[in-house]
>>> print(open('model09.csv').read())   # CSV, C-alpha atoms
chain,number,residue,atom,x,y,z
A,226,MET,CA,186.3,18.6,137.7
A,227,GLN,CA,186.3,14.8,138.0
A,228,LYS,CA,186.3,14.9,141.8
A,229,VAL,CA,183.2,17.2,141.7
A,230,VAL,CA,181.4,14.9,139.2
A,231,ASP,CA,182.2,11.9,141.4
A,232,GLY,CA,180.8,13.8,144.4
A,233,LEU,CA,177.6,14.6,142.5
A,234,ILE,CA,177.1,11.0,141.5
A,235,LYS,CA,177.4,9.9,145.1
A,236,ASP,CA,174.9,12.6,146.1
A,237,LEU,CA,172.5,11.3,143.4
A,238,ASP,CA,172.9,7.7,144.6
A,239,ALA,CA,172.4,8.7,148.2
A,240,GLU,CA,169.2,10.7,147.3
A,241,SER,CA,167.9,7.8,145.4
A,242,LEU,CA,168.3,5.4,148.3
A,243,LYS,CA,166.7,8.0,150.7
A,244,ARG,CA,163.6,8.1,148.5
A,245,ARG,CA,163.0,4.4,148.2
A,246,GLY,CA,159.8,3.3,149.9
A,247,LYS,CA,158.5,6.8,150.3
A,248,PRO,CA,155.2,8.0,148.7
A,249,ARG,CA,155.5,9.0,145.1
A,250,ASP,CA,155.3,12.7,144.2
A,251,GLU,CA,152.0,12.9,142.4
A,252,LYS,CA,152.5,16.5,141.3
A,253,MET,CA,155.9,15.7,139.8
A,254,GLU,CA,154.5,12.6,138.0
A,255,LYS,CA,151.7,14.7,136.5
A,256,ILE,CA,154.3,17.2,135.1
A,257,GLU,CA,156.4,14.3,133.7
A,258,ALA,CA,153.3,12.7,132.1
A,259,SER,CA,152.6,15.8,130.1
A,260,LEU,CA,156.2,16.0,129.0
A,261,ALA,CA,156.1,12.3,128.0
A,262,ARG,CA,153.1,13.0,125.7
A,263,ALA,CA,155.0,15.9,124.2
A,264,ARG,CA,158.0,13.7,123.5
A,265,ALA,CA,155.8,11.1,121.8
A,266,LEU,CA,154.2,13.8,119.5
A,267,ILE,CA,157.6,15.2,118.6
A,268,ARG,CA,158.9,11.7,117.8
A,269,GLU,CA,155.8,11.1,115.6
A,270,ALA,CA,156.8,14.3,113.7
A,271,ILE,CA,160.3,13.0,113.3
A,272,VAL,CA,159.1,9.6,112.0
A,273,ASN,CA,156.6,11.2,109.5
A,274,GLY,CA,159.1,13.8,108.4
A,275,SER,CA,158.4,15.4,105.1
A,276,GLN,CA,155.2,13.3,104.6
A,277,GLN,CA,153.5,15.2,107.4
A,278,LEU,CA,151.2,17.9,106.2
A,279,PRO,CA,152.0,21.4,107.6
A,280,LEU,CA,150.2,22.2,110.8
A,281,HIS,CA,147.8,25.1,110.8
A,282,ASP,CA,149.3,28.3,112.0
A,283,ALA,CA,147.8,31.8,111.6
A,284,ASP,CA,151.2,33.6,111.8
A,285,TYR,CA,154.0,31.6,110.4
A,286,ILE,CA,154.8,28.1,109.2
A,287,PRO,CA,158.5,27.2,109.3
A,288,GLN,CA,159.6,26.1,105.9
A,289,GLY,CA,162.8,26.0,103.9
A,290,GLU,CA,166.5,25.0,104.2
A,291,ILE,CA,167.2,27.3,107.2
A,292,TYR,CA,165.7,24.6,109.4
A,293,ARG,CA,167.1,21.2,110.2
A,294,SER,CA,163.5,19.9,110.1
A,295,PRO,CA,160.8,22.5,109.7
A,296,SER,CA,157.9,20.1,110.6
A,297,VAL,CA,159.6,18.9,113.8
A,298,PHE,CA,160.4,22.4,114.8
A,299,HIS,CA,156.8,23.6,114.1
A,300,ARG,CA,155.3,20.7,116.1
A,301,SER,CA,157.7,21.3,119.0
A,302,TYR,CA,157.1,25.0,119.0
A,303,GLN,CA,153.3,24.6,119.1
A,304,LEU,CA,153.6,22.1,122.0
A,305,MET,CA,155.8,24.6,123.8
A,306,GLU,CA,153.2,27.3,123.4
A,307,SER,CA,150.4,25.1,124.8
A,308,LEU,CA,152.2,23.3,127.6
A,309,PHE,CA,155.4,25.0,128.8
A,310,ARG,CA,155.4,26.9,132.1
A,311,ILE,CA,158.2,28.6,133.9
A,312,PHE,CA,158.1,29.6,137.6
A,313,VAL,CA,160.2,32.7,138.4
A,314,TYR,CA,161.4,32.8,142.0
A,315,GLU,CA,160.4,36.2,143.5
A,316,GLU,CA,163.1,36.3,146.1
A,317,GLY,CA,165.7,39.0,145.7
A,318,GLU,CA,165.5,42.6,144.8
A,319,PRO,CA,166.9,44.8,142.0
A,320,PRO,CA,169.5,45.6,140.9
A,321,LEU,CA,171.1,42.2,141.5
A,322,PHE,CA,167.8,40.2,140.8
A,323,HIS,CA,164.9,40.7,138.5
A,324,TYR,CA,166.8,43.3,136.5
A,325,GLY,CA,169.6,43.4,134.0
A,326,PRO,CA,171.3,45.5,131.3
A,327,CYS,CA,169.3,46.4,128.2
A,328,ARG,CA,171.6,48.9,126.3
A,329,ASP,CA,175.0,47.2,125.8
A,330,ILE,CA,176.7,44.0,124.6
A,331,TYR,CA,174.9,42.1,127.4
A,332,SER,CA,171.5,43.5,126.6
A,333,LEU,CA,169.7,40.2,126.0
A,334,GLU,CA,170.4,39.3,129.7
A,335,GLY,CA,168.3,42.2,130.9
A,336,ILE,CA,165.7,42.0,128.1
A,337,PHE,CA,165.0,38.4,128.8
A,338,LEU,CA,164.7,39.1,132.6
A,339,GLY,CA,162.2,41.9,131.9
A,340,LEU,CA,160.2,40.0,129.3
A,341,ILE,CA,159.8,36.7,131.3
A,342,GLU,CA,158.8,38.7,134.4
A,343,LYS,CA,155.8,40.2,132.7
A,344,ASN,CA,155.0,37.3,130.3
A,345,THR,CA,151.5,35.8,130.7
A,346,ARG,CA,151.8,32.8,128.4
A,347,PHE,CA,154.9,31.0,129.8
A,348,ARG,CA,155.2,32.4,133.3
A,349,THR,CA,153.2,30.7,136.0
A,350,TYR,CA,152.8,31.8,139.6
A,351,ASN,CA,151.9,28.3,140.7
A,352,PRO,CA,155.2,26.4,141.2
A,353,ASP,CA,153.4,23.0,141.3
A,354,GLU,CA,152.5,23.3,137.6
A,355,ALA,CA,155.9,24.6,136.4
A,356,HIS,CA,158.3,22.6,134.2
A,357,VAL,CA,161.3,24.9,134.9
A,358,TYR,CA,162.3,27.1,137.8
A,359,PHE,CA,164.1,30.3,136.9
A,360,LEU,CA,166.8,31.9,139.2
A,361,PRO,CA,166.5,35.6,138.2
A,362,PHE,CA,169.9,36.9,139.1
A,363,SER,CA,172.0,39.1,136.8
A,364,VAL,CA,175.7,38.2,136.6
A,365,VAL,CA,176.3,41.6,134.9
A,366,LYS,CA,174.7,43.5,137.8
A,367,ILE,CA,176.4,41.4,140.5
A,368,LEU,CA,179.8,42.3,139.0
A,369,GLU,CA,178.8,45.9,138.4
A,370,HIS,CA,177.7,46.6,141.9
A,371,LEU,CA,179.8,44.2,144.1
A,372,PHE,CA,182.9,43.3,142.2
A,373,ASP,CA,186.1,45.2,143.3
A,374,PRO,CA,188.3,45.8,140.2
A,375,ILE,CA,191.4,46.2,142.5
A,376,SER,CA,191.1,43.1,144.6
A,377,ARG,CA,189.3,41.2,141.8
A,378,ASP,CA,187.7,38.9,144.3
A,379,LYS,CA,185.5,36.6,142.2
A,380,ALA,CA,184.1,35.0,145.3
A,381,VAL,CA,181.4,37.7,145.3
A,382,LEU,CA,179.7,35.5,142.7
A,383,GLU,CA,179.9,32.5,145.0
A,384,ARG,CA,178.4,34.5,147.9
A,385,VAL,CA,175.5,36.0,146.1
A,386,ILE,CA,174.5,33.0,143.9
A,387,GLY,CA,175.3,30.4,146.6
A,388,ASP,CA,173.2,32.2,149.1
A,389,TYR,CA,170.3,32.6,146.7
A,390,VAL,CA,170.3,28.8,145.9
A,391,ARG,CA,170.4,28.1,149.7
A,392,ILE,CA,167.4,30.4,150.2
A,393,VAL,CA,165.1,28.9,147.5
A,394,SER,CA,166.2,25.3,148.3
A,395,THR,CA,165.3,25.8,151.9
A,396,LYS,CA,162.0,27.7,151.3
A,397,TYR,CA,160.7,25.5,148.5
A,398,PRO,CA,160.9,21.7,147.7
A,399,TYR,CA,161.7,22.0,144.0
A,400,TRP,CA,165.5,22.3,144.0
A,401,ASN,CA,166.0,19.3,146.2
A,402,ARG,CA,163.3,17.3,144.4
A,403,SER,CA,165.3,17.4,141.1
A,404,LEU,CA,168.8,18.3,142.5
A,405,GLY,CA,168.5,21.4,140.3
A,406,ALA,CA,168.0,19.6,137.0
A,407,ASP,CA,164.8,21.6,136.2
A,408,HIS,CA,166.3,24.9,137.3
A,409,LEU,CA,167.4,27.6,134.9
A,410,THR,CA,170.0,30.4,135.0
A,411,LEU,CA,170.7,32.9,132.2
A,412,SER,CA,173.7,35.1,131.6
A,413,CYS,CA,175.3,36.8,128.6
A,414,HIS,CA,178.4,38.0,130.6
A,415,ASP,CA,181.8,36.4,129.8
A,416,TRP,CA,181.8,35.1,133.3
A,417,GLY,CA,178.4,33.5,133.0
A,418,PRO,CA,179.8,29.9,133.1
A,419,ARG,CA,182.2,30.8,135.9
A,420,ALA,CA,179.3,32.2,138.0
A,421,THR,CA,177.6,28.8,138.0
A,422,TRP,CA,180.7,26.9,139.1
A,423,TYR,CA,180.4,27.9,142.7
A,424,VAL,CA,177.2,25.8,143.0
A,425,HIS,CA,178.3,22.6,141.4
A,426,GLN,CA,174.8,21.3,140.7
A,427,LEU,CA,174.1,24.5,138.8
A,428,TYR,CA,177.2,23.9,136.7
A,429,PHE,CA,176.8,20.3,136.0
A,430,THR,CA,173.0,19.6,136.3
A,431,SER,CA,170.9,22.7,135.8
A,432,ILE,CA,169.9,24.3,132.5
A,433,ARG,CA,172.4,27.2,131.8
A,434,ALA,CA,171.4,29.7,129.1
A,435,LEU,CA,174.7,31.3,128.0
A,436,CYS,CA,176.0,33.6,125.3
A,437,ASN,CA,179.5,32.2,126.0
A,438,ALA,CA,178.6,28.7,124.8
A,439,ASN,CA,182.1,27.3,124.8
A,440,THR,CA,182.5,23.5,124.9
A,441,SER,CA,186.1,23.9,126.0
A,442,GLU,CA,184.7,25.5,129.2
A,443,PHE,CA,182.2,22.6,129.8
A,444,PHE,CA,179.2,24.0,128.0
A,445,ASN,CA,177.0,20.9,127.6
A,446,PRO,CA,174.7,21.2,124.5
A,447,ARG,CA,172.4,18.4,125.9
A,448,LYS,CA,171.4,20.5,128.9
A,449,ASP,CA,172.7,24.0,128.3
A,450,VAL,CA,171.2,26.7,125.9
A,451,SER,CA,173.2,28.9,123.6
A,452,PHE,CA,171.6,32.2,122.9
A,453,PRO,CA,172.9,35.1,120.8
A,454,GLU,CA,174.9,38.1,122.0
A,455,ILE,CA,173.2,41.3,120.8
A,456,ASN,CA,174.8,44.7,121.3
A,457,LEU,CA,171.7,46.9,121.5
A,458,GLN,CA,172.7,50.5,121.7
A,459,THR,CA,169.2,52.0,121.4
A,460,GLY,CA,165.7,50.8,121.7
A,461,ASP,CA,165.1,51.0,117.9
A,462,ILE,CA,166.7,48.2,115.9
A,463,ALA,CA,165.1,49.4,112.7
A,464,ILE,CA,168.0,51.6,112.1
A,465,VAL,CA,170.4,48.7,111.9
A,466,THR,CA,168.2,46.3,109.9
A,467,GLY,CA,168.0,45.9,106.2
A,468,GLY,CA,170.6,46.5,103.5
A,469,LEU,CA,171.4,46.7,99.8
A,470,SER,CA,170.4,43.9,97.3
A,471,PRO,CA,173.2,41.4,96.5
A,472,SER,CA,174.0,43.0,93.2
A,473,ASN,CA,174.5,46.4,94.8
A,474,ARG,CA,176.9,45.2,97.6
A,475,THR,CA,180.3,46.5,96.5
A,476,ILE,CA,182.4,45.2,99.3
A,477,LEU,CA,183.4,41.5,99.4
A,478,ALA,CA,184.0,41.3,103.1
A,479,PHE,CA,184.2,43.6,106.1
A,480,PHE,CA,185.3,43.6,109.7
A,481,ALA,CA,186.0,46.3,112.3
A,482,GLY,CA,186.8,45.5,115.9
A,483,GLY,CA,189.4,45.3,118.6
A,484,TYR,CA,192.7,43.4,118.5
A,485,HIS,CA,192.1,40.8,121.2
A,486,GLY,CA,191.5,37.1,121.8
A,487,ARG,CA,193.2,34.2,120.0
A,488,ILE,CA,191.6,34.5,116.6
A,489,ARG,CA,191.6,38.2,115.7
A,490,PRO,CA,195.4,38.6,115.6
A,491,ALA,CA,195.5,36.0,112.8
A,492,LEU,CA,192.8,37.9,110.9
A,493,PHE,CA,194.7,41.2,111.3
A,494,GLN,CA,198.0,39.6,110.3
A,495,HIS,CA,196.6,38.4,107.0
A,496,TRP,CA,194.1,41.0,106.0
A,497,LYS,CA,194.4,44.4,107.8
A,498,ASN,CA,195.3,47.0,105.2
A,499,LYS,CA,196.1,44.2,102.7
A,500,ASP,CA,193.3,44.1,100.2
A,501,SER,CA,190.5,46.6,99.1
A,502,ASP,CA,188.1,43.7,98.6
A,503,ILE,CA,188.5,42.5,102.2
A,504,GLN,CA,188.3,45.5,104.4
A,505,VAL,CA,189.6,44.8,107.9
A,506,TYR,CA,189.9,47.6,110.5
A,507,GLU,CA,191.0,47.8,114.1
A,508,LYS,CA,189.5,51.2,114.3
A,509,LEU,CA,187.0,52.3,111.7
A,510,PRO,CA,187.8,55.8,110.1
A,511,GLY,CA,185.6,58.6,111.2
A,512,ASN,CA,184.1,59.1,107.8
A,513,LEU,CA,182.8,55.5,107.6
A,514,SER,CA,179.6,54.2,109.3
A,515,TYR,CA,179.9,50.7,110.8
A,516,HIS,CA,176.3,49.7,110.1
A,517,GLU,CA,176.4,51.2,106.6
A,518,MET,CA,179.6,49.2,105.8
A,519,MET,CA,177.8,46.0,106.8
A,520,LYS,CA,174.8,46.9,104.7
A,521,LYS,CA,176.8,47.2,101.5
A,522,SER,CA,179.1,44.1,102.2
A,523,LYS,CA,178.4,40.7,100.8
A,524,TYR,CA,180.1,38.9,103.7
A,525,CYS,CA,180.6,40.1,107.3
A,526,LEU,CA,183.5,38.6,109.2
A,527,CYS,CA,182.6,37.4,112.7
A,528,PRO,CA,185.7,36.3,114.5
A,529,SER,CA,185.5,35.4,118.2
A,530,GLY,CA,187.1,38.0,120.6
A,531,HIS,CA,187.9,37.4,124.2
A,532,GLU,CA,185.1,34.8,124.3
A,533,VAL,CA,183.5,32.6,121.6
A,534,ALA,CA,180.3,34.6,121.1
A,535,SER,CA,180.3,37.8,119.0
A,536,PRO,CA,177.6,40.4,118.6
A,537,ARG,CA,178.7,40.8,114.9
A,538,ILE,CA,176.8,37.6,114.0
A,539,VAL,CA,173.4,39.2,114.8
A,540,GLU,CA,174.6,42.5,113.4
A,541,ALA,CA,175.4,40.8,110.1
A,542,ILE,CA,172.0,39.1,110.1
A,543,TYR,CA,170.2,42.4,110.8
A,544,ALA,CA,172.2,44.0,107.9
A,545,GLU,CA,171.3,41.0,105.6
A,546,CYS,CA,175.0,40.4,105.2
A,547,VAL,CA,176.1,36.7,105.1
A,548,PRO,CA,178.0,36.0,108.4
A,549,VAL,CA,181.5,34.4,108.1
A,550,LEU,CA,181.9,32.6,111.3
A,551,ILE,CA,185.5,32.3,112.6
A,552,SER,CA,185.5,30.6,116.0
A,553,GLN,CA,186.6,27.5,117.9
A,554,ASP,CA,184.5,25.3,120.3
A,555,TYR,CA,181.4,27.5,119.8
A,556,ILE,CA,177.9,26.1,119.9
A,557,LEU,CA,175.9,28.4,117.7
A,558,PRO,CA,172.6,29.8,119.0
A,559,PHE,CA,169.5,27.7,118.2
A,560,SER,CA,171.6,25.2,116.3
A,561,ASP,CA,169.3,22.3,117.3
A,562,VAL,CA,166.6,24.0,115.1
A,563,LEU,CA,168.5,26.2,112.6
A,564,ASP,CA,170.9,24.9,109.9
A,565,TRP,CA,173.6,27.5,110.1
A,566,ASN,CA,175.2,26.1,106.9
A,567,SER,CA,172.2,27.4,104.9
A,568,PHE,CA,172.8,31.1,105.8
A,569,SER,CA,176.4,31.5,106.9
A,570,ILE,CA,180.0,30.5,105.9
A,571,GLN,CA,182.3,28.9,108.4
A,572,VAL,CA,186.0,29.4,108.1
A,573,SER,CA,188.7,27.9,110.4
A,574,VAL,CA,191.7,29.9,111.6
A,575,SER,CA,194.0,27.8,109.5
A,576,GLU,CA,192.0,28.9,106.4
A,577,LEU,CA,192.3,32.6,107.0
A,578,PRO,CA,195.3,33.0,104.5
A,579,ASN,CA,192.9,31.7,101.8
A,580,LEU,CA,189.9,33.8,102.9
A,581,LYS,CA,189.6,35.8,99.7
A,582,LYS,CA,189.9,32.7,97.5
A,583,ILE,CA,187.2,30.9,99.6
A,584,LEU,CA,184.8,33.9,99.3
A,585,MET,CA,185.5,34.6,95.6
A,586,GLY,CA,184.9,30.9,95.0
A,587,ILE,CA,181.2,31.2,96.0
A,588,SER,CA,179.1,31.8,92.9
A,589,GLU,CA,176.7,34.7,92.6
A,590,GLY,CA,173.8,32.3,92.6
A,591,LYS,CA,175.0,30.7,95.8
A,592,HIS,CA,175.5,34.1,97.4
A,593,ARG,CA,172.0,35.2,96.5
A,594,LYS,CA,170.7,32.0,98.1
A,595,LEU,CA,172.6,32.6,101.3
A,596,HIS,CA,171.4,36.2,101.3
A,597,GLU,CA,167.8,35.2,101.0
A,598,ALA,CA,168.3,32.7,103.8
A,599,VAL,CA,169.8,35.4,106.0
A,600,LYS,CA,166.7,37.5,105.4
A,601,GLN,CA,164.4,34.6,106.3
A,602,VAL,CA,166.3,33.7,109.5
A,603,GLN,CA,166.3,37.3,110.7
A,604,ARG,CA,162.9,36.9,112.4
A,605,HIS,CA,164.4,34.5,114.9
A,606,PHE,CA,166.9,37.1,116.1
A,607,MET,CA,164.6,40.1,116.3
A,608,ILE,CA,163.9,41.7,119.7
A,609,ASN,CA,160.3,42.8,120.2
A,610,ASP,CA,158.5,44.3,123.2
A,611,PRO,CA,156.0,42.8,123.6
A,612,PRO,CA,157.5,39.6,122.1
A,613,LYS,CA,156.3,38.3,118.8
A,614,ARG,CA,156.0,34.6,118.0
A,615,TYR,CA,159.2,33.0,116.7
A,616,ASP,CA,161.4,36.0,117.7
A,617,VAL,CA,164.5,35.8,119.7
A,618,PHE,CA,162.7,35.7,123.1
A,619,HIS,CA,160.6,32.7,121.9
A,620,MET,CA,163.6,31.0,120.4
A,621,ILE,CA,165.3,31.2,123.7
A,622,ILE,CA,162.2,29.8,125.4
A,623,HIS,CA,162.0,27.0,122.8
A,624,SER,CA,165.7,26.1,123.4
A,625,ILE,CA,164.9,25.8,127.2
A,626,TRP,CA,161.9,23.7,126.4
A,627,LEU,CA,164.0,21.3,124.4
A,628,ARG,CA,166.5,20.9,127.3
A,629,ARG,CA,163.7,20.2,129.7
A,630,LEU,CA,162.4,17.5,127.4
A,631,ASN,CA,165.9,15.9,127.7
A,632,VAL,CA,165.4,15.4,131.4
A,633,LYS,CA,163.2,12.9,133.2
A,634,ILE,CA,162.6,13.4,136.9
A,635,TYR,CA,161.1,10.6,138.8
A,636,GLY,CA,158.5,11.2,141.4
>>> encode(input="model09.csv", output="structure tokens")
Amino acid sequence: MQKVVDGLIKDLDAESLKRRGKPRDEKMEKIEASLARARALIREAIVNGSQQLPLHDADYIPQGEIYRSPSVFHRSYQLMESLFRIFVYEEGEPPLFHYGPCRDIYSLEGIFLGLIEKNTRFRTYNPDEAHVYFLPFSVVKILEHLFDPISRDKAVLERVIGDYVRIVSTKYPYWNRSLGADHLTLSCHDWGPRATWYVHQLYFTSIRALCNANTSEFFNPRKDVSFPEINLQTGDIAIVTGGLSPSNRTILAFFAGGYHGRIRPALFQHWKNKDSDIQVYEKLPGNLSYHEMMKKSKYCLCPSGHEVASPRIVEAIYAECVPVLISQDYILPFSDVLDWNSFSIQVSVSELPNLKKILMGISEGKHRKLHEAVKQVQRHFMINDPPKRYDVFHMIIHSIWLRRLNVKIYG
């Protein structure tokens, strides 16, 4: 890793020397000037804080404890809507490019690809006015169509993604202009981080939107985006949303899922078939409904599995069940905007033996407050086609917008 970073630093220094004395890139400077103005307006909102009057908004004004700073988020969101533009490279053909899964655990990868392709607000067909350049490959589809499960040759990712970067960097000036810093990849597959490793500038420099937002695997919150894993089985999420009122939820805590990863064995050891209040199943009995169990539970346990992300977090939010997050090294989705402590409980692996004591120690009033916050935050995890303001598609776009604001590219 350190050798690669040292090499990238040398490349950056060499590129800087090469550009000295050359004419400035006026198009790039125009883009950066608009971003500088946006940064100044967001800083103004930070300074004014609670003294700032709410901005006018016909649909929704962020308010309440679910936000780290409602007024700053609102200002940034409105600036994103008015300014932010994404150029989608048109090179490549389905099913490896411009297409992805929409009906499984990786569904948000395909849904985002489909929605950004037909979006008219954020997508631009003029690359000179873009702030970000999207590489529209699907890691899921590359592995589905080209990966050999017998030889398990992961170099297929290197060949496809490496070739794609070479094509767009040869055909267009934008990759070389920023060394990939204003380029975007998105993947919900467990191997999403690995897929970017084969092009080191993608891994260390570009914006990577990942479900597997694991800091122990070099996820960098300053430049990378964490977005939620949503296991969409049908096109209708109405059947999995909603639930009973807090007073009618008769189960203290619920989990059903496979015995894998480093965290779940500890959960099963302490709570599987041990307590009627904390119902933990490896395989749910046939007479029980998974989603109905969530809808009548006060707390839904969300332990990491093979990877840090879990679709149960969003399933819990949909069911208006307070998520109990049990993970390590996980950067939660949209956590630069949302205050997860206001609508979830975080429990470490070492605290699992005391899980019941921890949950029973939460007062009814506190639980009702958490429950109301879960209902409020639900809008930010909803999938809509066409997208609706402040839904999960827009929250992903906003997270990308914030990462682009973190980068200054000199013309």
>>> closest_atom_pairs(input="model09.csv", of="range 564-633 of chain A", to="range 238-261 of chain A", cutoff="12 Å", atoms="only C-alpha atoms", output="Markdown table")
| residue | atom | partner | partner_atom | distance |
| --- | --- | --- | --- | --- |
| A:Trp626 | CA | A:Leu260 | CA | 9.9 |
| A:Leu627 | CA | A:Leu260 | CA | 10.5 |
| A:Arg628 | CA | A:Leu260 | CA | 11.5 |
| A:Arg629 | CA | A:Leu260 | CA | 8.6 |
| A:Leu630 | CA | A:Leu260 | CA | 6.6 |
| A:Asn631 | CA | A:Leu260 | CA | 9.8 |
| A:Val632 | CA | A:Glu257 | CA | 9.4 |
| A:Lys633 | CA | A:Glu257 | CA | 7.0 |
>>> closest_atom_pairs(input="model09.csv", of="range 272-321 of chain A", to="range 335-350 of chain A", cutoff="6 Å", atoms="all atoms listed in the file", output="Markdown table")
| residue | atom | partner | partner_atom | distance |
| --- | --- | --- | --- | --- |
| A:Arg310 | CA | A:Phe347 | CA | 4.7 |
| A:Ile311 | CA | A:Arg348 | CA | 4.9 |
| A:Phe312 | CA | A:Thr349 | CA | 5.3 |
>>> write_last_selection(input="model09.csv", atoms="C-alpha atoms", output="PDB file, in the coordinates of the input")
ATOM      1  CA  ARG A 310     155.400  26.900 132.100  1.00  0.00           C
ATOM      2  CA  ILE A 311     158.200  28.600 133.900  1.00  0.00           C
ATOM      3  CA  PHE A 312     158.100  29.600 137.600  1.00  0.00           C
TER       4      PHE A 312
END
>>> closest_atom_pairs(input="model09.csv", of="range 567-601 of chain A", to="range 484-488 of chain A", cutoff="12 Å", atoms="only C-alpha atoms", output="JSON lines")
{"residue": "A:Val572", "atom": "CA", "partner": "A:Ile488", "partner_atom": "CA", "distance": 11.4}
{"residue": "A:Ser573", "atom": "CA", "partner": "A:Ile488", "partner_atom": "CA", "distance": 9.5}
{"residue": "A:Val574", "atom": "CA", "partner": "A:Ile488", "partner_atom": "CA", "distance": 6.8}
{"residue": "A:Ser575", "atom": "CA", "partner": "A:Ile488", "partner_atom": "CA", "distance": 10.1}
{"residue": "A:Glu576", "atom": "CA", "partner": "A:Ile488", "partner_atom": "CA", "distance": 11.6}
{"residue": "A:Leu577", "atom": "CA", "partner": "A:Ile488", "partner_atom": "CA", "distance": 9.8}
>>> atom_distance(input="model09.csv", atom1="CA of Ile622 in chain A", atom2="CA of Ile455 in chain A")
16.6 Å
>>> atom_distance(input="model09.csv", atom1="CA of Gly482 in chain A", atom2="CA of Ser535 in chain A")
10.5 Å
>>> closest_residue(input="model09.csv", among="A:Tyr292, A:Phe359, A:Phe480, A:Tyr543", to="Asn566 in chain A", atoms="all atoms listed in the file")
A:Tyr292
>>> atom_distance(input="model09.csv", atom1="CA of Ala491 in chain A", atom2="CA of Glu517 in chain A")
25.2 Å
>>> closest_atom_pairs(input="model09.csv", of="range 271-386 of chain A", to="range 430-443 of chain A", cutoff="10 Å", atoms="only C-alpha atoms", output="JSON lines")
{"residue": "A:Tyr331", "atom": "CA", "partner": "A:Cys436", "partner_atom": "CA", "distance": 8.8}
{"residue": "A:Leu333", "atom": "CA", "partner": "A:Cys436", "partner_atom": "CA", "distance": 9.2}
{"residue": "A:Glu334", "atom": "CA", "partner": "A:Cys436", "partner_atom": "CA", "distance": 9.1}
{"residue": "A:Val357", "atom": "CA", "partner": "A:Ile432", "partner_atom": "CA", "distance": 8.9}
{"residue": "A:Tyr358", "atom": "CA", "partner": "A:Ile432", "partner_atom": "CA", "distance": 9.7}
{"residue": "A:Phe359", "atom": "CA", "partner": "A:Ile432", "partner_atom": "CA", "distance": 9.4}
>>> closest_residue(input="model09.csv", among="A:Asn512, A:Ser301, A:Gln227, A:Gln288", to="Arg262 in chain A", atoms="only C-alpha atoms")
A:Ser301
>>> residues_near_point(input="model09.csv", point="(184.0, 38.2, 96.1)", cutoff="8 Å", atoms="only C-alpha atoms", output="list in words")
Ile476, Leu477, Ala478, Asp502, Lys523, Lys581, Leu584, Met585, Gly586 and Ile587 of chain A
>>> closest_residue(input="model09.csv", among="A:Gly289, A:Gly467, A:Pro352, A:Gly483", to="Gln603 in chain A", atoms="all atoms listed in the file")
A:Gly467
